[in-house]
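Shown next: work-v1.pdb, given as PDB, C-alpha atoms and all ligand atoms.
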```pdb
ATOM      1  CA  MET A 125     114.627 105.698  71.289
ATOM      2  CA  ASN A 126     113.635 102.194  72.429
ATOM      3  CA  HIS A 127     110.123 100.768  72.030
ATOM      4  CA  ALA A 128     109.029 101.496  75.615
ATOM      5  CA  GLU A 129     110.148 105.121  75.339
ATOM      6  CA  GLU A 130     108.305 105.388  72.036
ATOM      7  CA  ILE A 131     105.078 104.068  73.632
ATOM      8  CA  TRP A 132     105.259 106.542  76.526
ATOM      9  CA  LYS A 133     106.002 109.388  74.117
ATOM     10  CA  THR A 134     102.921 108.427  72.092
ATOM     11  CA  LEU A 135     100.788 108.316  75.250
ATOM     12  CA  VAL A 136     101.965 111.835  76.151
ATOM     13  CA  ARG A 137     101.099 112.970  72.620
ATOM     14  CA  ALA A 138      97.592 111.508  72.997
ATOM     15  CA  THR A 139      96.922 113.873  75.912
ATOM     16  CA  VAL A 140      97.727 116.977  73.860
ATOM     17  CA  ASP A 141      96.496 115.965  70.409
ATOM     18  CA  LYS A 142      92.695 115.863  70.704
ATOM     19  CA  LYS A 143      92.447 113.794  67.530
ATOM     20  CA  HIS A 144      94.875 111.135  68.628
ATOM     21  CA  PRO A 145      93.067 107.750  68.811
ATOM     22  CA  TRP A 146      94.822 106.816  72.048
ATOM     23  CA  ARG A 147      93.064 109.722  73.792
ATOM     24  CA  VAL A 148      89.926 107.619  74.290
ATOM     25  CA  VAL A 149      90.755 104.568  76.343
ATOM     26  CA  GLY A 150      88.800 101.394  77.103
ATOM     27  CA  PHE A 151      88.999 101.327  80.909
ATOM     28  CA  SER A 152      88.199  97.964  82.457
ATOM     29  CA  THR A 153      87.546  97.181  86.106
ATOM     30  CA  SER A 154      86.663  94.075  88.035
ATOM     31  CA  GLY A 155      83.873  94.562  90.542
ATOM     32  CA  PRO A 156      81.838  92.291  92.803
ATOM     33  CA  ASN A 157      79.499  91.601  89.852
ATOM     34  CA  GLY A 158      82.290  90.792  87.413
ATOM     35  CA  PRO A 159      84.142  92.765  84.738
ATOM     36  CA  GLN A 160      83.067  96.156  83.361
ATOM     37  CA  VAL A 161      84.493  98.403  80.656
ATOM     38  CA  ARG A 162      83.836 101.984  79.566
ATOM     39  CA  SER A 163      85.492 104.719  77.500
ATOM     40  CA  VAL A 164      87.398 107.440  79.325
ATOM     41  CA  ILE A 165      89.701 110.239  78.241
ATOM     42  CA  LEU A 166      93.411 110.019  78.967
ATOM     43  CA  ARG A 167      94.121 113.293  80.802
ATOM     44  CA  GLY A 168      97.767 113.039  81.748
ATOM     45  CA  VAL A 169     100.868 110.873  81.518
ATOM     46  CA  LYS A 170     103.979 110.772  83.730
ATOM     47  CA  PRO A 171     106.436 108.337  82.103
ATOM     48  CA  ALA A 172     109.021 108.489  84.918
ATOM     49  CA  GLU A 173     106.363 107.552  87.480
ATOM     50  CA  ARG A 174     104.742 105.014  85.095
ATOM     51  CA  GLN A 175     101.514 106.874  85.725
ATOM     52  CA  LEU A 176      98.390 107.635  83.696
ATOM     53  CA  LEU A 177      95.762 110.152  84.813
ATOM     54  CA  PHE A 178      91.987 110.028  84.349
ATOM     55  CA  PHE A 179      89.144 112.199  85.645
ATOM     56  CA  THR A 180      85.899 110.780  86.947
ATOM     57  CA  ASP A 181      83.007 111.136  89.390
ATOM     58  CA  LEU A 182      83.555 109.864  92.922
ATOM     59  CA  ARG A 183      80.042 108.387  92.910
ATOM     60  CA  SER A 184      80.475 106.438  89.662
ATOM     61  CA  GLN A 185      80.296 102.658  89.464
ATOM     62  CA  LYS A 186      83.905 102.433  88.396
ATOM     63  CA  MET A 187      85.029 103.985  91.710
ATOM     64  CA  ALA A 188      83.143 101.322  93.679
ATOM     65  CA  GLU A 189      84.728  98.664  91.474
ATOM     66  CA  ILE A 190      88.211 100.111  92.025
ATOM     67  CA  ALA A 191      87.574 100.140  95.788
ATOM     68  CA  HIS A 192      86.723  96.430  95.447
ATOM     69  CA  ASP A 193      89.773  95.647  93.294
ATOM     70  CA  ALA A 194      92.345  98.294  92.363
ATOM     71  CA  ARG A 195      93.637  96.302  89.389
ATOM     72  CA  VAL A 196      92.529  97.747  86.055
ATOM     73  CA  ALA A 197      93.128  96.946  82.387
ATOM     74  CA  LEU A 198      93.258  99.628  79.702
ATOM     75  CA  LEU A 199      92.872  99.244  75.956
ATOM     76  CA  PHE A 200      94.122 101.640  73.276
ATOM     77  CA  TRP A 201      93.674 101.184  69.511
ATOM     78  CA  ASN A 202      95.197 103.282  66.755
ATOM     79  CA  PRO A 203      93.663 102.437  63.344
ATOM     80  CA  ARG A 204      96.190 104.716  61.599
ATOM     81  CA  SER A 205      99.184 102.694  62.728
ATOM     82  CA  ASN A 206      97.256  99.431  63.325
ATOM     83  CA  THR A 207      98.556  99.401  66.844
ATOM     84  CA  GLN A 208      96.832  98.012  69.912
ATOM     85  CA  LEU A 209      98.139  98.731  73.398
ATOM     86  CA  ARG A 210      97.029  96.741  76.421
ATOM     87  CA  VAL A 211      97.967  98.126  79.805
ATOM     88  CA  CYS A 212      97.533  96.607  83.273
ATOM     89  CA  GLY A 213      97.923  98.681  86.390
ATOM     90  CA  ASN A 214      96.664  99.690  89.790
ATOM     91  CA  ALA A 215      94.251 102.579  90.138
ATOM     92  CA  ALA A 216      94.006 104.954  93.093
ATOM     93  CA  PRO A 217      92.435 108.372  93.540
ATOM     94  CA  GLU A 218      94.920 111.226  93.875
ATOM     95  CA  ALA A 219      95.279 111.919  97.605
ATOM     96  CA  SER A 220      96.767 115.410  97.402
ATOM     97  CA  GLU A 221      94.018 118.015  97.509
ATOM     98  CA  LEU A 222      96.484 120.552  96.167
ATOM     99  CA  ILE A 223      97.033 118.460  93.023
ATOM    100  CA  VAL A 224      93.298 117.730  92.576
ATOM    101  CA  ASN A 225      92.554 121.456  92.931
ATOM    102  CA  GLY A 226      95.178 122.163  90.262
ATOM    103  CA  HIS A 227      93.386 119.814  87.832
ATOM    104  CA  TRP A 228      89.972 121.236  88.770
ATOM    105  CA  GLU A 229      91.085 124.803  88.099
ATOM    106  CA  ARG A 230      91.976 123.870  84.522
ATOM    107  CA  ILE A 231      88.563 122.285  83.812
ATOM    108  CA  PRO A 232      86.272 124.663  81.891
ATOM    109  CA  ASP A 233      82.815 125.473  83.320
ATOM    110  CA  TYR A 234      80.946 123.418  80.693
ATOM    111  CA  ALA A 235      82.919 120.298  81.677
ATOM    112  CA  ARG A 236      82.520 120.933  85.423
ATOM    113  CA  LYS A 237      78.805 120.282  84.938
ATOM    114  CA  ASP A 238      79.643 116.610  84.376
ATOM    115  CA  TYR A 239      80.318 116.336  88.113
ATOM    116  CA  ALA A 240      77.288 118.372  89.253
ATOM    117  CA  THR A 241      74.397 115.937  88.888
ATOM    118  CA  LEU A 242      72.280 115.691  92.040
ATOM    119  CA  SER A 243      72.213 111.895  91.922
ATOM    120  CA  ALA A 244      75.088 109.533  91.227
ATOM    121  CA  PRO A 245      75.892 108.751  87.590
ATOM    122  CA  GLY A 246      73.995 105.644  86.496
ATOM    123  CA  THR A 247      70.968 106.163  88.758
ATOM    124  CA  ALA A 248      67.519 106.222  87.158
ATOM    125  CA  LEU A 249      66.623 109.638  85.797
ATOM    126  CA  ASP A 250      63.539 111.398  87.171
ATOM    127  CA  SER A 251      62.343 114.995  87.444
ATOM    128  CA  ALA A 252      63.769 115.349  90.962
ATOM    129  CA  ASN A 253      67.339 114.455  90.098
ATOM    130  CA  SER A 254      67.710 115.865  86.587
ATOM    131  CA  CYS A 255      68.981 119.274  87.774
ATOM    132  CA  LEU A 256      72.524 120.260  88.656
ATOM    133  CA  ASP A 257      74.150 121.496  91.826
ATOM    134  CA  LEU A 258      77.373 123.169  90.737
ATOM    135  CA  SER A 259      78.412 123.786  94.340
ATOM    136  CA  MET A 260      78.869 120.005  94.766
ATOM    137  CA  ALA A 261      80.794 119.445  91.543
ATOM    138  CA  ARG A 262      84.286 119.864  93.006
ATOM    139  CA  SER A 263      83.631 117.374  95.808
ATOM    140  CA  ASN A 264      82.355 114.804  93.272
ATOM    141  CA  PHE A 265      85.469 115.183  91.123
ATOM    142  CA  VAL A 266      88.233 112.567  91.324
ATOM    143  CA  ALA A 267      91.639 112.529  89.663
ATOM    144  CA  LEU A 268      92.387 108.847  89.224
ATOM    145  CA  ASN A 269      95.985 107.690  88.875
ATOM    146  CA  VAL A 270      96.869 104.376  87.291
ATOM    147  CA  VAL A 271     100.363 103.070  88.010
ATOM    148  CA  VAL A 272     101.262 100.883  85.056
ATOM    149  CA  GLN A 273     102.518  97.356  85.842
ATOM    150  CA  GLN A 274     102.497  95.767  82.397
ATOM    151  CA  ILE A 275     102.278  96.885  78.774
ATOM    152  CA  GLU A 276     101.659  94.833  75.681
ATOM    153  CA  LEU A 277     101.841  96.207  72.164
ATOM    154  CA  LEU A 278     100.504  94.507  69.050
ATOM    155  CA  ARG A 279     101.230  96.035  65.640
ATOM    156  CA  LEU A 280      99.360  94.413  62.775
ATOM    157  CA  ASP A 281     101.389  94.177  59.592
ATOM    158  CA  ARG A 282     100.947  92.131  56.418
ATOM    159  CA  ASP A 283     104.660  91.349  56.509
ATOM    160  CA  GLY A 284     104.353  89.962  60.026
ATOM    161  CA  HIS A 285     102.595  91.127  63.153
ATOM    162  CA  VAL A 286     104.726  92.394  66.012
ATOM    163  CA  ARG A 287     103.792  91.643  69.625
ATOM    164  CA  LEU A 288     105.906  92.983  72.455
ATOM    165  CA  ALA A 289     105.493  92.720  76.218
ATOM    166  CA  PHE A 290     107.017  95.239  78.618
ATOM    167  CA  SER A 291     107.461  94.988  82.369
ATOM    168  CA  PRO A 292     109.252  97.353  84.728
ATOM    169  CA  SER A 293     112.731  96.297  85.832
ATOM    170  CA  ALA A 294     114.319  96.996  89.230
ATOM    171  CA  SER A 295     116.334  99.854  87.677
ATOM    172  CA  GLY A 296     113.123 101.602  86.625
ATOM    173  CA  ASP A 297     113.583 100.863  82.909
ATOM    174  CA  TRP A 298     111.231  98.647  80.930
ATOM    175  CA  THR A 299     112.206  95.101  80.033
ATOM    176  CA  GLU A 300     111.008  94.147  76.549
ATOM    177  CA  LYS A 301     110.120  90.656  75.391
ATOM    178  CA  GLY A 302     108.932  89.563  71.936
ATOM    179  CA  LEU A 303     105.848  87.326  71.907
ATOM    180  CA  VAL A 304     104.275  85.098  69.280
ATOM    181  CA  PRO A 305     101.492  87.285  67.867
TER     182      PRO A 305
HETATM  183  C1  LIG B 401      84.350 109.350  74.266
HETATM  184  C2  LIG B 401      83.961 109.218  75.720
HETATM  185  C3  LIG B 401      84.775 109.750  76.692
HETATM  186  C4  LIG B 401      84.450 109.633  78.048
HETATM  187  N1  LIG B 401      85.290 110.142  78.987
HETATM  188  C5  LIG B 401      85.025 109.946  80.302
HETATM  189  C6  LIG B 401      85.961 110.369  81.293
HETATM  190  O1  LIG B 401      87.013 110.943  81.018
HETATM  191  N2  LIG B 401      85.652 110.112  82.586
HETATM  192  C7  LIG B 401      84.501 109.464  82.942
HETATM  193  O2  LIG B 401      84.289 109.256  84.145
HETATM  194  N3  LIG B 401      83.597 109.055  82.027
HETATM  195  C8  LIG B 401      83.839 109.280  80.715
HETATM  196  N4  LIG B 401      82.952 108.842  79.767
HETATM  197  C9  LIG B 401      81.705 108.171  80.221
HETATM  198  C10 LIG B 401      82.027 106.709  80.563
HETATM  199  O3  LIG B 401      82.202 105.949  79.381
HETATM  200  C11 LIG B 401      80.939 106.066  81.424
HETATM  201  O4  LIG B 401      79.705 106.091  80.742
HETATM  202  C12 LIG B 401      80.784 106.768  82.762
HETATM  203  O5  LIG B 401      82.030 107.150  83.304
HETATM  204  C13 LIG B 401      80.069 105.858  83.767
HETATM  205  O6  LIG B 401      80.799 104.670  83.898
HETATM  206  P1  LIG B 401      80.697 103.713  85.188
HETATM  207  O7  LIG B 401      79.242 103.677  85.544
HETATM  208  O8  LIG B 401      81.224 102.403  84.735
HETATM  209  O9  LIG B 401      81.524 104.330  86.280
HETATM  210  C14 LIG B 401      83.247 108.970  78.420
HETATM  211  C15 LIG B 401      82.430 108.421  77.419
HETATM  212  C16 LIG B 401      82.781 108.561  76.107
HETATM  213  C17 LIG B 401      81.866 107.961  75.064
END
```
I'd like the structure from this file rewritten - as structure tokens, please.
Amino acid sequence: MNHAEEIWKTLVRATVDKKHPWRVVGFSTSGPNGPQVRSVILRGVKPAERQLLFFTDLRSQKMAEIAHDARVALLFWNPRSNTQLRVCGNAAPEASELIVNGHWERIPDYARKDYATLSAPGTALDSANSCLDLSMARSNFVALNVVVQQIELLRLDRDGHVRLAFSPSASGDWTEKGLVP
């Protein structure tokens, strides 16, 4: 297995192993007011399509930032293997209602509440907007796809750090290049 295949396999593992450190991702956007970053959960991975899947609220700040600029940067860190992964890509909400419904059906009731707040996430909390409207939760839910354009891996090692850059080739494989750490 080459390095790129190994990375994608690890990303897939992070979606099924709830304790895997790459499950929680630093998700960075660039909005009209500059850069922003927040933690999100990696929900799905499609290596052949170079695609990562996240769930979020349509009304969240990150969605406005993605509408402003679809380019995103993602950061993964695994303290067990001392491995950092930096990913650049383009984010877009899943357009197929059938696919979004499929994701929604697998979300347990307790997690559906995350999308049921009366006011948008990030708005000031007051007594009028602190309750939930579960009937609106599905329409607030977004499945966000990120098509990966660039990957960079850095493995820290006393015997010599390893830094590798990957970009997609015309054939669909990943071209690997060693970099000075
Ligand atoms: C461990 C962890 C996991 C999170 N997972 C998600 C997630 O999957 N989707 C999401 O929209 N927000 C998630 N959040 C909340 C975000 O970090 C953020 O607070 C929220 O999405 C609002 O961000 P925004 O205002 O920049 O859009 C998570 C937070 C933590 C601490």
Please list as a PDB file with C-alpha atoms, in the frame of the given file every residue within 12 Å of region 231-237 of chain A, counting all atoms listed in the file and excluding residues in the same chain fewer than 5 positions away.
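The resulting file, around36.pdb, is reproduced below:
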```
ATOM      1  CA  ARG A 167      94.121 113.293  80.802  1.00  0.00           C
ATOM      2  CA  PHE A 179      89.144 112.199  85.645  1.00  0.00           C
ATOM      3  CA  THR A 180      85.899 110.780  86.947  1.00  0.00           C
ATOM      4  CA  ASP A 181      83.007 111.136  89.390  1.00  0.00           C
ATOM      5  CA  VAL A 224      93.298 117.730  92.576  1.00  0.00           C
ATOM      6  CA  ASN A 225      92.554 121.456  92.931  1.00  0.00           C
ATOM      7  CA  GLY A 226      95.178 122.163  90.262  1.00  0.00           C
ATOM      8  CA  LEU A 242      72.280 115.691  92.040  1.00  0.00           C
ATOM      9  CA  CYS A 255      68.981 119.274  87.774  1.00  0.00           C
ATOM     10  CA  LEU A 256      72.524 120.260  88.656  1.00  0.00           C
ATOM     11  CA  ASP A 257      74.150 121.496  91.826  1.00  0.00           C
ATOM     12  CA  LEU A 258      77.373 123.169  90.737  1.00  0.00           C
ATOM     13  CA  SER A 259      78.412 123.786  94.340  1.00  0.00           C
ATOM     14  CA  MET A 260      78.869 120.005  94.766  1.00  0.00           C
ATOM     15  CA  ALA A 261      80.794 119.445  91.543  1.00  0.00           C
ATOM     16  CA  ARG A 262      84.286 119.864  93.006  1.00  0.00           C
ATOM     17  CA  SER A 263      83.631 117.374  95.808  1.00  0.00           C
ATOM     18  CA  ASN A 264      82.355 114.804  93.272  1.00  0.00           C
ATOM     19  CA  PHE A 265      85.469 115.183  91.123  1.00  0.00           C
ATOM     20  CA  VAL A 266      88.233 112.567  91.324  1.00  0.00           C
ATOM     21  CA  ALA A 267      91.639 112.529  89.663  1.00  0.00           C
TER      22      ALA A 267
END
```
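The shell of residues at most 8 Å from region 149-162 of chain A, with all atoms listed in the file counted and near chain neighbours (fewer than 5 positions) removed, consists of Lys186, Ala188, Glu189, Ile190, His192, Asp193, Ala194, Arg195, Val196, Ala197, Leu198, Leu199 and Phe200 of chain A.
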*Taking only C-alpha atoms and all ligand atoms into account, which of A:Ala252, A:Val286, A:Val148, A:Leu277 comes nearest ligand LIG 401 (chain B)?*
A:Val148
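Applied to the shown file, the PyMOL selection byres (((chain A and resi 173) around 12) and not hetatm) selects the residues Trp132, Gly168, Val169, Lys170, Pro171, Ala172, Arg174, Gln175, Leu176, Leu177, Asn269, Val270, Val271, Val272, Gln273, Pro292, Gly296 and Asp297 of chain A.
CA of Pro145 (chain A) is positioned 10.0 Å from CA of Ser205 (chain A).
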*If you apply the PyMOL selection byres (((chain A and resi 244) around 10) and not hetatm) to this file, what residues do you get, as a PyMOL selection string?*
chain A and resi 181-185+239-243+245-248+253+264
Take the residues from that selection and write them out as a CSV table (one decimal), in the coordinates of the input, keeping C-alpha atoms.
```
chain,number,residue,atom,x,y,z
A,181,ASP,CA,83.0,111.1,89.4
A,182,LEU,CA,83.6,109.9,92.9
A,183,ARG,CA,80.0,108.4,92.9
A,184,SER,CA,80.5,106.4,89.7
A,185,GLN,CA,80.3,102.7,89.5
A,239,TYR,CA,80.3,116.3,88.1
A,240,ALA,CA,77.3,118.4,89.3
A,241,THR,CA,74.4,115.9,88.9
A,242,LEU,CA,72.3,115.7,92.0
A,243,SER,CA,72.2,111.9,91.9
A,245,PRO,CA,75.9,108.8,87.6
A,246,GLY,CA,74.0,105.6,86.5
A,247,THR,CA,71.0,106.2,88.8
A,248,ALA,CA,67.5,106.2,87.2
A,253,ASN,CA,67.3,114.5,90.1
A,264,ASN,CA,82.4,114.8,93.3
```
*Report as a ChimeraX atom specification the residues that result from applying the PyMOL selection byres (((chain A and resi 138) around 10) and not hetatm) to the structure here.*
/A:132-137,139-148,165-169
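Residue nearest ligand LIG 401 (chain B), chosen from A:Leu249, A:Leu209, A:Ala215, A:Leu268 and counting only C-alpha atoms and all ligand atoms: A:Leu268.
Here CA of Ile131 (chain A) stands at a distance of 22.4 Å from CA of Ala216 (chain A).
Atom pair atom C5 of ligand LIG 401 (chain B) / CA of Trp298 (chain A): separated by 28.5 Å.
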Would you compute the box with edges along x, y and z of the file around ligand LIG 401 (chain B), including every atom the file lists for it and 3 Å extra on each side, and give its centre and edge lengths in Å to one decimal, as lines of an AutoDock Vina configuration file?
```
center_x = 83.1
center_y = 106.7
center_z = 80.3
size_x = 13.8
size_y = 14.5
size_z = 18.0
```
Missing atoms in region 202-227 of chain A should be modelled up to N, CA and C atoms and reported as a PDB file, in the coordinates of the input.
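The new file result18.pdb reads:
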```
ATOM      1  N   ASN A 202      94.921 102.239  67.750  1.00  0.00           N
ATOM      2  CA  ASN A 202      95.197 103.282  66.755  1.00  0.00           C
ATOM      3  C   ASN A 202      95.027 102.692  65.356  1.00  0.00           C
ATOM      4  N   PRO A 203      93.891 103.018  64.672  1.00  0.00           N
ATOM      5  CA  PRO A 203      93.663 102.437  63.344  1.00  0.00           C
ATOM      6  C   PRO A 203      94.617 103.007  62.290  1.00  0.00           C
ATOM      7  N   ARG A 204      95.239 104.147  62.574  1.00  0.00           N
ATOM      8  CA  ARG A 204      96.190 104.716  61.599  1.00  0.00           C
ATOM      9  C   ARG A 204      97.453 103.877  61.544  1.00  0.00           C
ATOM     10  N   SER A 205      97.936 103.469  62.697  1.00  0.00           N
ATOM     11  CA  SER A 205      99.184 102.694  62.728  1.00  0.00           C
ATOM     12  C   SER A 205      98.923 101.215  62.991  1.00  0.00           C
ATOM     13  N   ASN A 206      97.636 100.833  63.040  1.00  0.00           N
ATOM     14  CA  ASN A 206      97.256  99.431  63.325  1.00  0.00           C
ATOM     15  C   ASN A 206      97.886  98.920  64.609  1.00  0.00           C
ATOM     16  N   THR A 207      97.876  99.781  65.607  1.00  0.00           N
ATOM     17  CA  THR A 207      98.556  99.401  66.844  1.00  0.00           C
ATOM     18  C   THR A 207      97.596  99.341  68.024  1.00  0.00           C
ATOM     19  N   GLN A 208      97.596  98.197  68.674  1.00  0.00           N
ATOM     20  CA  GLN A 208      96.832  98.012  69.912  1.00  0.00           C
ATOM     21  C   GLN A 208      97.800  98.055  71.090  1.00  0.00           C
ATOM     22  N   LEU A 209      97.350  98.714  72.170  1.00  0.00           N
ATOM     23  CA  LEU A 209      98.139  98.731  73.398  1.00  0.00           C
ATOM     24  C   LEU A 209      97.259  98.241  74.526  1.00  0.00           C
ATOM     25  N   ARG A 210      97.745  97.234  75.233  1.00  0.00           N
ATOM     26  CA  ARG A 210      97.029  96.741  76.421  1.00  0.00           C
ATOM     27  C   ARG A 210      97.884  97.076  77.631  1.00  0.00           C
ATOM     28  N   VAL A 211      97.240  97.668  78.618  1.00  0.00           N
ATOM     29  CA  VAL A 211      97.967  98.126  79.805  1.00  0.00           C
ATOM     30  C   VAL A 211      97.278  97.558  81.044  1.00  0.00           C
ATOM     31  N   CYS A 212      98.070  97.019  81.968  1.00  0.00           N
ATOM     32  CA  CYS A 212      97.533  96.607  83.273  1.00  0.00           C
ATOM     33  C   CYS A 212      98.158  97.492  84.331  1.00  0.00           C
ATOM     34  N   GLY A 213      97.371  97.836  85.333  1.00  0.00           N
ATOM     35  CA  GLY A 213      97.923  98.681  86.390  1.00  0.00           C
ATOM     36  C   GLY A 213      97.031  98.700  87.598  1.00  0.00           C
ATOM     37  N   ASN A 214      97.440  99.528  88.555  1.00  0.00           N
ATOM     38  CA  ASN A 214      96.664  99.690  89.790  1.00  0.00           C
ATOM     39  C   ASN A 214      96.165 101.122  89.858  1.00  0.00           C
ATOM     40  N   ALA A 215      94.863 101.250  90.120  1.00  0.00           N
ATOM     41  CA  ALA A 215      94.251 102.579  90.138  1.00  0.00           C
ATOM     42  C   ALA A 215      94.050 103.053  91.574  1.00  0.00           C
ATOM     43  N   ALA A 216      94.268 104.353  91.772  1.00  0.00           N
ATOM     44  CA  ALA A 216      94.006 104.954  93.093  1.00  0.00           C
ATOM     45  C   ALA A 216      93.695 106.428  92.903  1.00  0.00           C
ATOM     46  N   PRO A 217      92.717 106.937  93.648  1.00  0.00           N
ATOM     47  CA  PRO A 217      92.435 108.372  93.540  1.00  0.00           C
ATOM     48  C   PRO A 217      93.603 109.200  94.071  1.00  0.00           C
ATOM     49  N   GLU A 218      93.865 110.310  93.426  1.00  0.00           N
ATOM     50  CA  GLU A 218      94.920 111.226  93.875  1.00  0.00           C
ATOM     51  C   GLU A 218      94.582 111.714  95.284  1.00  0.00           C
ATOM     52  N   ALA A 219      95.553 111.577  96.199  1.00  0.00           N
ATOM     53  CA  ALA A 219      95.279 111.919  97.605  1.00  0.00           C
ATOM     54  C   ALA A 219      95.541 113.393  97.900  1.00  0.00           C
ATOM     55  N   SER A 220      96.402 114.019  97.115  1.00  0.00           N
ATOM     56  CA  SER A 220      96.767 115.410  97.402  1.00  0.00           C
ATOM     57  C   SER A 220      95.682 116.370  96.920  1.00  0.00           C
ATOM     58  N   GLU A 221      95.074 117.070  97.874  1.00  0.00           N
ATOM     59  CA  GLU A 221      94.018 118.015  97.509  1.00  0.00           C
ATOM     60  C   GLU A 221      94.577 119.151  96.652  1.00  0.00           C
ATOM     61  N   LEU A 222      95.815 119.491  96.932  1.00  0.00           N
ATOM     62  CA  LEU A 222      96.484 120.552  96.167  1.00  0.00           C
ATOM     63  C   LEU A 222      96.547 120.180  94.680  1.00  0.00           C
ATOM     64  N   ILE A 223      96.921 118.922  94.416  1.00  0.00           N
ATOM     65  CA  ILE A 223      97.033 118.460  93.023  1.00  0.00           C
ATOM     66  C   ILE A 223      95.651 118.385  92.384  1.00  0.00           C
ATOM     67  N   VAL A 224      94.660 117.844  93.130  1.00  0.00           N
ATOM     68  CA  VAL A 224      93.298 117.730  92.576  1.00  0.00           C
ATOM     69  C   VAL A 224      92.761 119.134  92.271  1.00  0.00           C
ATOM     70  N   ASN A 225      93.001 120.070  93.174  1.00  0.00           N
ATOM     71  CA  ASN A 225      92.554 121.456  92.931  1.00  0.00           C
ATOM     72  C   ASN A 225      93.196 122.026  91.671  1.00  0.00           C
ATOM     73  N   GLY A 226      94.465 121.698  91.465  1.00  0.00           N
ATOM     74  CA  GLY A 226      95.178 122.163  90.262  1.00  0.00           C
ATOM     75  C   GLY A 226      94.500 121.657  89.000  1.00  0.00           C
ATOM     76  N   HIS A 227      94.101 120.373  88.994  1.00  0.00           N
ATOM     77  CA  HIS A 227      93.386 119.814  87.832  1.00  0.00           C
ATOM     78  C   HIS A 227      92.033 120.518  87.677  1.00  0.00           C
TER      79      HIS A 227
END
```
